[in-house]
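Inspection log for the structure reproduced underneath, given as structure tokens.
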Amino acid sequence: MSDKQVNGCSSAKSYSSPCNGNTTQKQEESPINGKDVRVWCDGCYDMVHFGHANSLRQAKALGDKVIVGIHTDAEITKHKGPPVFTEEERVKMVKGIKWVDEVVLGAPYVTTLEVLDQNNCDFCVHGDDITMTAEGVDTYHLVKSANRYKEVRRTAGVSTTDLVGRMLLLTRNHFRQGSAEYDIEKEGSSNMGQDSAAKSPWTGCSQFLPTTQKIIQFSDGKSPNAGDKIVYVAGAFDLFHVGHLDFLEKASKLGDYLIVGLHTDPVVNSYKGSNYPIMNLHERVLSVLACKFVNEVVIGAPYCVTEELLEHFKIDVVCHGRTPIAMEDGKIDPYAVPKTKAIFELIDSGNEMTTERIVERIISHRLEYERRNQAKEKKEIEAFEALQRQKQTQKAG
């Protein structure tokens with residue numbers, strides 16, 4: 001870990017994050033000076049989700065190395081309000097994304113040419129939404145003016161603001177309509193947790209539309225090699241977080257190829273309770289696929305690990321964390337078969353983070369996060385309306 005000076009930030013820490021070599025084909029060497037094209041991305045990366053991962057995947061396609069600058073807790077609090085996760089947790093999460101090569105903590109909120117040069121980056125990449133300082137200044141205006149800025153499409157239907165909003169709804173009407181609990185299977189998982197009052201064109205809740213193309217883009221497409229030791233884990237992996245990341249890293253070290261089974265929304269709801277999952281199955285699939293320790297995902301895995309599943313995937317080891325295992329129908333151990341075969345292992349990730357703890361963080365600071373979301377939405381609406389007026393003026397001229 002080395003310290004770097006970044007535009008007045010006293011100590012911007014740099015972390016290397018080797019990519020999973022199977023996930024992204026490296027482009028041809030840059031014709032400019034015959035060196036790698038280094039792409040700079042920066043942001044808060046709070047509540048890291050598949051939208052963040054998708055922007056980094058697109059950034060990777062524009063160069064050879066992706067260097068991610070992360071704002072400190074103090075910077076985020078100043079411009080947006082308190083982050084949900086600490087800077088240490090946010091660094092760890094970004095390092096776990098398979099398209100990331102290096103992480104730098106202490107990036108300035110306004111991206112400068114100096115920060116690009118100090119990290120040997122050719123240009124900056126960001127999504128096609130607007131990010132502003134507390135004073136309403138476009139945080140990328142300097143690199144845009146210098147023509148060292150490229151834009152990628154943001155992923156519609158998810159944002160940190162959206163996810164925080166879903167959790168704020170938990171104690172109100174999440175998974176409920178009036179006083180009656182609604183049927184998840186009938187309602188459809190793509191509608192879960194959405195707030196119809198959201199108005200922001202960029203981070204307001206909108207329906208996430210999963211496609212096979214998106215899954216292909218996130219998947220490494222590699223099958224296990226002959227003789228590979230195959231490890232299997234299963235669960236909800238809701239609001240993919242540092243606890244999941246540490247668990248999957250340890251599980252991956254038990255073999256050569258890690259498969260993650262994801263339970264359906266109704267199954268997760270049956271053992272986690274009426275407020276869960278926060279993210280639907282399609283969202284959880286992309287979140288897990290973005291993790292550099294994961295090779296394959298089983299979408300809608302059976303709750304009980306069966307003989308047929310073990311045989312189909314040629315599984316050598318089945319793992320579970322230290323969280324309690326809910327019995328199916330209150331009496332059937334879902335890991336009975338691998339236990340009988342002596343291929344079951346409990347893993348202690350060493351991390352106490354759980355999805356429930358994240359929700360507790362949000363609910364315990366409800367008013368702060370509600371104010372943060374409302375202020376962010378107001379700022380984005382104003383910026384969007386200003387852009388629309390600018391476009392109309394240009395057309396009239």
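Numbering starts fresh at 1 for the residues of each chain in the structure tokens, the chains themselves are lettered A, B, ... in the order given, and ligands are numbered from 1 as they appear.
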May I have the residues within 8 Å of stretch 338-351 of chain A as number ranges by chain, using only C-alpha atoms and disregarding those fewer than 2 positions away in the same chain?
A: 242-243, 246-247, 250-251, 305, 316-322, 335-336, 353
Those same residues, written as a PDB file, in the first residue's frame with C-alpha atoms?
ATOM      1  CA  VAL A 242     -18.346  -6.649   2.563  1.00  0.00           C
ATOM      2  CA  GLY A 243     -19.499  -9.632   4.627  1.00  0.00           C
ATOM      3  CA  ASP A 246     -15.035 -11.778   2.616  1.00  0.00           C
ATOM      4  CA  PHE A 247     -17.052 -14.999   2.710  1.00  0.00           C
ATOM      5  CA  LYS A 250     -12.508 -17.533   1.673  1.00  0.00           C
ATOM      6  CA  ALA A 251     -14.779 -19.967  -0.159  1.00  0.00           C
ATOM      7  CA  VAL A 305     -28.577 -28.951  -1.852  1.00  0.00           C
ATOM      8  CA  ASP A 316     -16.469 -31.154  -4.487  1.00  0.00           C
ATOM      9  CA  VAL A 317     -17.095 -28.825  -1.528  1.00  0.00           C
ATOM     10  CA  VAL A 318     -20.246 -27.120  -0.203  1.00  0.00           C
ATOM     11  CA  CYS A 319     -19.797 -24.151   2.133  1.00  0.00           C
ATOM     12  CA  HIS A 320     -21.921 -21.996   4.397  1.00  0.00           C
ATOM     13  CA  GLY A 321     -21.117 -19.045   6.637  1.00  0.00           C
ATOM     14  CA  ARG A 322     -21.693 -18.676  10.373  1.00  0.00           C
ATOM     15  CA  TYR A 335     -27.291 -29.256   3.763  1.00  0.00           C
ATOM     16  CA  ALA A 336     -28.079 -32.803   4.882  1.00  0.00           C
ATOM     17  CA  MET A 353     -21.627  -7.377   8.406  1.00  0.00           C
TER      18      MET A 353
END
Show me, as a ChimeraX atom specification, the residues that have an atom within 10 Å of A:Asp333 when counting only C-alpha atoms, minus same-chain residues fewer than 6 positions from it.
/A:303-305,325-327,339
Selection from above, N, CA and C atoms, as a PDB file, in the first residue's frame, can you write it?
ATOM      1  N   TYR A 303     -33.391 -24.597  -2.589  1.00  0.00           N
ATOM      2  CA  TYR A 303     -32.981 -24.292  -1.219  1.00  0.00           C
ATOM      3  C   TYR A 303     -32.198 -25.458  -0.610  1.00  0.00           C
ATOM      4  N   CYS A 304     -32.643 -26.667  -0.887  1.00  0.00           N
ATOM      5  CA  CYS A 304     -31.914 -27.842  -0.400  1.00  0.00           C
ATOM      6  C   CYS A 304     -30.869 -28.263  -1.431  1.00  0.00           C
ATOM      7  N   VAL A 305     -29.654 -28.486  -0.967  1.00  0.00           N
ATOM      8  CA  VAL A 305     -28.577 -28.951  -1.852  1.00  0.00           C
ATOM      9  C   VAL A 305     -28.779 -30.449  -2.061  1.00  0.00           C
ATOM     10  N   ILE A 325     -28.724 -21.456   9.805  1.00  0.00           N
ATOM     11  CA  ILE A 325     -29.313 -22.148   8.653  1.00  0.00           C
ATOM     12  C   ILE A 325     -30.774 -22.458   8.963  1.00  0.00           C
ATOM     13  N   ALA A 326     -31.670 -21.895   8.163  1.00  0.00           N
ATOM     14  CA  ALA A 326     -33.099 -22.140   8.370  1.00  0.00           C
ATOM     15  C   ALA A 326     -33.477 -23.501   7.798  1.00  0.00           C
ATOM     16  N   MET A 327     -34.215 -24.272   8.554  1.00  0.00           N
ATOM     17  CA  MET A 327     -34.660 -25.584   8.096  1.00  0.00           C
ATOM     18  C   MET A 327     -35.790 -25.424   7.078  1.00  0.00           C
ATOM     19  N   LYS A 339     -23.516 -32.938   3.961  1.00  0.00           N
ATOM     20  CA  LYS A 339     -22.997 -33.337   5.269  1.00  0.00           C
ATOM     21  C   LYS A 339     -22.806 -34.852   5.322  1.00  0.00           C
TER      22      LYS A 339
END
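DSSP, applied to the backbone of this structure, assigns strand (DSSP E or B) to the following residues of stretch 45-158 of chain A: Lys65, Val66, Ile67, Val68, Gly69, Ile70, Ile97, Glu102, Val103, Val104, Leu105, Phe123, Cys124, Val125, His126, Gly127, Met132, Asp138, Tyr149, Lys150, Glu151 and Val152 of chain A.
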A:Lys144 environment, 12 Å, only C-alpha atoms, sequence neighbours closer than 6 positions dropped, as a list in words:
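The neighbour list is Val110, Thr111, Thr112, Leu113, Phe123, Cys124, Val125, His126, Asp138, Lys150 and Glu151 of chain A.
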Who sits within 7 Å of stretch 58-65 of chain A, only C-alpha atoms, same chain under 5 positions skipped, as a VMD selection string:
chain A and resid 26 to 27 36 to 39 99 101 125 152
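Between atom CA of A:Arg361 and atom CA of A:Met47 the separation is 11.8 Å.
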Let me make sure I understand: among A:Glu352, A:Glu360, A:Asp256, A:Glu283, which one has the smallest atom-to-atom distance to A:Thr323 if we use only C-alpha atoms?
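Result for the nearest residue to A:Thr323: A:Glu352.
Our summary of the geometry notes that atom CA of A:Arg57 is positioned 8.4 Å from atom CA of A:Val100.
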Kindly provide the residues of stretch 201-268 of chain A that approach stretch 288-298 of chain A to within 12 Å, each paired with its closest atom pair and their distance in Å to one decimal, based on only C-alpha atoms, listed by chain and increasing number, as JSON lines.
{"residue": "A:Lys214", "atom": "CA", "partner": "A:Leu289", "partner_atom": "CA", "distance": 10.6}
{"residue": "A:Ile215", "atom": "CA", "partner": "A:Leu289", "partner_atom": "CA", "distance": 8.2}
{"residue": "A:Ile216", "atom": "CA", "partner": "A:Leu289", "partner_atom": "CA", "distance": 9.9}
{"residue": "A:Gln217", "atom": "CA", "partner": "A:Leu289", "partner_atom": "CA", "distance": 9.7}
{"residue": "A:Phe218", "atom": "CA", "partner": "A:Leu289", "partner_atom": "CA", "distance": 5.9}
{"residue": "A:Ser219", "atom": "CA", "partner": "A:Leu289", "partner_atom": "CA", "distance": 6.1}
{"residue": "A:Asp220", "atom": "CA", "partner": "A:Asn295", "partner_atom": "CA", "distance": 6.8}
{"residue": "A:Gly221", "atom": "CA", "partner": "A:Glu296", "partner_atom": "CA", "distance": 8.2}
{"residue": "A:Lys222", "atom": "CA", "partner": "A:Asn295", "partner_atom": "CA", "distance": 7.4}
{"residue": "A:Ser223", "atom": "CA", "partner": "A:Asn295", "partner_atom": "CA", "distance": 8.2}
{"residue": "A:Pro224", "atom": "CA", "partner": "A:Asn295", "partner_atom": "CA", "distance": 8.6}
{"residue": "A:Asn225", "atom": "CA", "partner": "A:Asn295", "partner_atom": "CA", "distance": 11.9}
{"residue": "A:Ile230", "atom": "CA", "partner": "A:Asn295", "partner_atom": "CA", "distance": 10.0}
{"residue": "A:Val231", "atom": "CA", "partner": "A:Asn295", "partner_atom": "CA", "distance": 10.0}
{"residue": "A:Tyr232", "atom": "CA", "partner": "A:Glu296", "partner_atom": "CA", "distance": 9.6}
{"residue": "A:Val233", "atom": "CA", "partner": "A:Val297", "partner_atom": "CA", "distance": 9.7}
{"residue": "A:Ala234", "atom": "CA", "partner": "A:Val298", "partner_atom": "CA", "distance": 8.8}
{"residue": "A:Gly235", "atom": "CA", "partner": "A:Val298", "partner_atom": "CA", "distance": 10.6}
{"residue": "A:Ala236", "atom": "CA", "partner": "A:Val288", "partner_atom": "CA", "distance": 10.1}
{"residue": "A:Phe237", "atom": "CA", "partner": "A:Val288", "partner_atom": "CA", "distance": 7.5}
{"residue": "A:Asp238", "atom": "CA", "partner": "A:Val288", "partner_atom": "CA", "distance": 9.4}
{"residue": "A:Leu239", "atom": "CA", "partner": "A:Val288", "partner_atom": "CA", "distance": 9.9}
{"residue": "A:Phe240", "atom": "CA", "partner": "A:Val288", "partner_atom": "CA", "distance": 7.2}
{"residue": "A:His241", "atom": "CA", "partner": "A:Val288", "partner_atom": "CA", "distance": 10.0}
{"residue": "A:Val242", "atom": "CA", "partner": "A:Cys291", "partner_atom": "CA", "distance": 11.0}
{"residue": "A:His244", "atom": "CA", "partner": "A:Val288", "partner_atom": "CA", "distance": 9.2}
{"residue": "A:Leu245", "atom": "CA", "partner": "A:Cys291", "partner_atom": "CA", "distance": 7.6}
{"residue": "A:Asp246", "atom": "CA", "partner": "A:Phe293", "partner_atom": "CA", "distance": 9.8}
{"residue": "A:Phe247", "atom": "CA", "partner": "A:Phe293", "partner_atom": "CA", "distance": 9.9}
{"residue": "A:Leu248", "atom": "CA", "partner": "A:Phe293", "partner_atom": "CA", "distance": 6.4}
{"residue": "A:Glu249", "atom": "CA", "partner": "A:Phe293", "partner_atom": "CA", "distance": 5.9}
{"residue": "A:Lys250", "atom": "CA", "partner": "A:Phe293", "partner_atom": "CA", "distance": 9.1}
{"residue": "A:Ala251", "atom": "CA", "partner": "A:Phe293", "partner_atom": "CA", "distance": 8.7}
{"residue": "A:Ser252", "atom": "CA", "partner": "A:Phe293", "partner_atom": "CA", "distance": 6.1}
{"residue": "A:Lys253", "atom": "CA", "partner": "A:Phe293", "partner_atom": "CA", "distance": 9.0}
{"residue": "A:Leu254", "atom": "CA", "partner": "A:Phe293", "partner_atom": "CA", "distance": 11.5}
{"residue": "A:Gly255", "atom": "CA", "partner": "A:Phe293", "partner_atom": "CA", "distance": 11.1}
{"residue": "A:Asp256", "atom": "CA", "partner": "A:Asn295", "partner_atom": "CA", "distance": 9.3}
{"residue": "A:Tyr257", "atom": "CA", "partner": "A:Asn295", "partner_atom": "CA", "distance": 6.1}
{"residue": "A:Leu258", "atom": "CA", "partner": "A:Asn295", "partner_atom": "CA", "distance": 5.3}
{"residue": "A:Ile259", "atom": "CA", "partner": "A:Glu296", "partner_atom": "CA", "distance": 4.7}
{"residue": "A:Val260", "atom": "CA", "partner": "A:Val297", "partner_atom": "CA", "distance": 4.8}
{"residue": "A:Gly261", "atom": "CA", "partner": "A:Val298", "partner_atom": "CA", "distance": 4.5}
{"residue": "A:Leu262", "atom": "CA", "partner": "A:Val298", "partner_atom": "CA", "distance": 6.0}
{"residue": "A:His263", "atom": "CA", "partner": "A:Val298", "partner_atom": "CA", "distance": 8.6}
{"residue": "A:Thr264", "atom": "CA", "partner": "A:Val298", "partner_atom": "CA", "distance": 10.4}
Between A:Val66, A:Glu385, A:Gly43, A:Met93, which residue has the minimum interatomic distance to A:Tyr140, considering only C-alpha atoms?
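Nearest candidate to A:Tyr140 out of A:Val66, A:Glu385, A:Gly43, A:Met93: A:Gly43.
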